[in-house]
file run_32.pdb (PDB, C-alpha atoms, pLDDT in the B column)
ATOM      1  CA  MET O 358     -18.415   0.307  14.180  1.00 67.00           C
ATOM      2  CA  LYS O 359     -15.057   1.558  12.953  1.00 73.00           C
ATOM      3  CA  THR O 360     -13.441  -0.023   9.938  1.00 80.00           C
ATOM      4  CA  LEU O 361      -9.721  -0.426   9.418  1.00 86.00           C
ATOM      5  CA  THR O 362      -8.097   0.701   6.181  1.00 89.00           C
ATOM      6  CA  CYS O 363      -4.551  -0.296   5.302  1.00 95.00           C
ATOM      7  CA  ILE O 364      -2.475   2.102   3.219  1.00 95.00           C
ATOM      8  CA  ALA O 365       1.081   1.963   1.894  1.00 96.00           C
ATOM      9  CA  THR O 366       2.857   5.238   1.123  1.00 93.00           C
ATOM     10  CA  PHE O 367       5.825   5.748  -1.179  1.00 93.00           C
ATOM     11  CA  TYR O 368       8.717   8.131  -1.748  1.00 90.00           C
ATOM     12  CA  VAL O 369       8.299   8.087  -5.534  1.00 90.00           C
ATOM     13  CA  THR O 370       5.398   7.535  -7.934  1.00 91.00           C
ATOM     14  CA  HIS O 371       7.205   4.713  -9.739  1.00 95.00           C
ATOM     15  CA  MET O 372       7.165   2.566  -6.586  1.00 95.00           C
ATOM     16  CA  ALA O 373       3.433   3.145  -6.065  1.00 95.00           C
ATOM     17  CA  LEU O 374       2.741   1.991  -9.624  1.00 96.00           C
ATOM     18  CA  MET O 375       5.058  -1.016  -9.232  1.00 97.00           C
ATOM     19  CA  PHE O 376       3.397  -1.936  -5.908  1.00 98.00           C
ATOM     20  CA  GLU O 377      -0.049  -1.859  -7.517  1.00 97.00           C
ATOM     21  CA  ARG O 378       1.046  -3.895 -10.555  1.00 97.00           C
ATOM     22  CA  GLU O 379       2.902  -6.590  -8.594  1.00 98.00           C
ATOM     23  CA  CYS O 380       0.142  -6.929  -5.990  1.00 97.00           C
ATOM     24  CA  LYS O 381      -2.544  -7.253  -8.671  1.00 97.00           C
ATOM     25  CA  ASN O 382      -0.404  -9.823 -10.513  1.00 97.00           C
ATOM     26  CA  ALA O 383      -0.264 -11.791  -7.242  1.00 97.00           C
ATOM     27  CA  GLY O 384      -4.068 -11.642  -6.940  1.00 97.00           C
ATOM     28  CA  TYR O 385      -4.428  -8.978  -4.239  1.00 97.00           C
ATOM     29  CA  ASP O 386      -7.152  -6.323  -4.338  1.00 95.00           C
ATOM     30  CA  VAL O 387      -4.994  -3.187  -4.382  1.00 97.00           C
ATOM     31  CA  ARG O 388      -5.930   0.293  -5.554  1.00 96.00           C
ATOM     32  CA  ILE O 389      -3.947   3.504  -5.983  1.00 95.00           C
ATOM     33  CA  VAL O 390      -5.488   6.313  -3.943  1.00 93.00           C
ATOM     34  CA  PRO O 391      -4.466   9.855  -2.990  1.00 89.00           C
ATOM     35  CA  VAL O 392      -2.536   9.998   0.263  1.00 87.00           C
ATOM     36  CA  PRO O 393      -5.032  10.627   3.090  1.00 81.00           C
ATOM     37  CA  ARG O 394      -4.696  14.064   4.731  1.00 77.00           C
ATOM     38  CA  LYS O 395      -3.698  12.392   8.010  1.00 76.00           C
ATOM     39  CA  LEU O 396      -0.535  11.164   6.308  1.00 74.00           C
ATOM     40  CA  SER O 397       2.124  12.723   4.144  1.00 68.00           C
ATOM     41  CA  ALA O 398       4.176  11.240   1.347  1.00 54.00           C
ATOM     42  CA  SER O 399       6.620  12.667  -1.140  1.00 61.00           C
ATOM     43  CA  CYS O 400       4.846  11.481  -4.275  1.00 65.00           C
ATOM     44  CA  GLY O 401       1.232  12.082  -3.205  1.00 83.00           C
ATOM     45  CA  LEU O 402       0.121   8.561  -4.137  1.00 88.00           C
ATOM     46  CA  ALA O 403      -0.676   5.688  -1.810  1.00 94.00           C
ATOM     47  CA  CYS O 404      -2.056   2.188  -2.269  1.00 96.00           C
ATOM     48  CA  ARG O 405      -4.971   0.765  -0.320  1.00 96.00           C
ATOM     49  CA  TYR O 406      -4.930  -2.966   0.323  1.00 97.00           C
ATOM     50  CA  PRO O 407      -6.799  -5.513   2.470  1.00 94.00           C
ATOM     51  CA  CYS O 408      -5.371  -5.502   6.004  1.00 95.00           C
ATOM     52  CA  ARG O 409      -5.703  -9.288   6.255  1.00 95.00           C
ATOM     53  CA  VAL O 410      -2.938  -9.769   3.647  1.00 96.00           C
ATOM     54  CA  GLU O 411      -0.495  -7.184   4.977  1.00 96.00           C
ATOM     55  CA  GLU O 412       2.236  -9.690   5.876  1.00 97.00           C
ATOM     56  CA  GLU O 413       2.043 -11.348   2.445  1.00 97.00           C
ATOM     57  CA  ILE O 414       2.221  -7.945   0.749  1.00 97.00           C
ATOM     58  CA  LYS O 415       5.265  -6.971   2.834  1.00 97.00           C
ATOM     59  CA  GLU O 416       6.983 -10.195   1.752  1.00 98.00           C
ATOM     60  CA  LEU O 417       6.085  -9.472  -1.885  1.00 98.00           C
ATOM     61  CA  CYS O 418       7.610  -5.994  -1.583  1.00 98.00           C
ATOM     62  CA  LEU O 419      10.844  -7.472  -0.242  1.00 98.00           C
ATOM     63  CA  SER O 420      11.059 -10.050  -3.010  1.00 98.00           C
ATOM     64  CA  LYS O 421      10.328  -7.487  -5.773  1.00 97.00           C
ATOM     65  CA  ASN O 422      12.502  -4.684  -4.313  1.00 97.00           C
ATOM     66  CA  ILE O 423       9.562  -2.315  -3.929  1.00 97.00           C
ATOM     67  CA  GLU O 424      10.522   0.580  -1.652  1.00 96.00           C
ATOM     68  CA  VAL O 425       7.622   1.486   0.623  1.00 96.00           C
ATOM     69  CA  GLU O 426       7.874   4.636   2.733  1.00 93.00           C
ATOM     70  CA  ALA O 427       5.506   3.250   5.388  1.00 93.00           C
ATOM     71  CA  PHE O 428       2.564   0.929   6.032  1.00 95.00           C
ATOM     72  CA  HIS O 429      -0.366   2.564   7.836  1.00 94.00           C
ATOM     73  CA  ARG O 430      -3.553   1.347   9.510  1.00 92.00           C
ATOM     74  CA  LEU O 431      -6.250   4.006   9.643  1.00 88.00           C
ATOM     75  CA  GLU O 432      -9.602   3.832  11.418  1.00 85.00           C
ATOM     76  CA  ASP O 433     -12.527   5.300   9.484  1.00 74.00           C
TER      77      ASP O 433
END

call {"tool": "encode", "arguments": {"input": "run_32.pdb", "output": "structure tokens"}}
result
Amino acid sequence: MKTLTCIATFYVTHMALMFERECKNAGYDVRIVPVPRKLSASCGLACRYPCRVEEEIKELCLSKNIEVEAFHRLED
């Protein structure tokens, strides 16, 4: 069975760190990870988060002015 992993990528490292901090403050299980080889990002950092809360995380990013390059769903 394939599992789905949700990843956010960023243009700059500062936004990745801000994303992680704000998501953790809101109670989401978020972790900074290297950008998977399938993807590319300018800063080389990405954040993994639970797919089930993607819409809430997108809303949080809008409210906190966190610039996300892209949201990705990857099958393992």

call {"tool": "resolve_selection", "arguments": {"input": "run_32.pdb", "expression": "the PyMOL selection byres ((chain O and resi 396) around 12)", "output": "ChimeraX atom specification"}}
result
/O:364-367,391-395,397-403,426-431

call {"tool": "resolve_selection", "arguments": {"input": "run_32.pdb", "expression": "the PyMOL selection byres ((chain O and resi 376) around 9)", "output": "PyMOL selection string"}}
result
chain O and resi 371-375+377-381+387+404+417-418+421+423-425

call {"tool": "closest_residue", "arguments": {"input": "run_32.pdb", "among": "O:Asp433, O:Val390, O:Cys363, O:Tyr368", "to": "O:Glu412", "atoms": "only C-alpha atoms"}}
result
O:Cys363

call {"tool": "atom_distance", "arguments": {"input": "run_32.pdb", "atom1": "atom CA of O:Ser420", "atom2": "atom CA of O:Thr360"}}
result
29.5 Å

call {"tool": "atom_distance", "arguments": {"input": "run_32.pdb", "atom1": "atom CA of O:Thr370", "atom2": "atom CA of O:Asp386"}}
result
19.0 Å
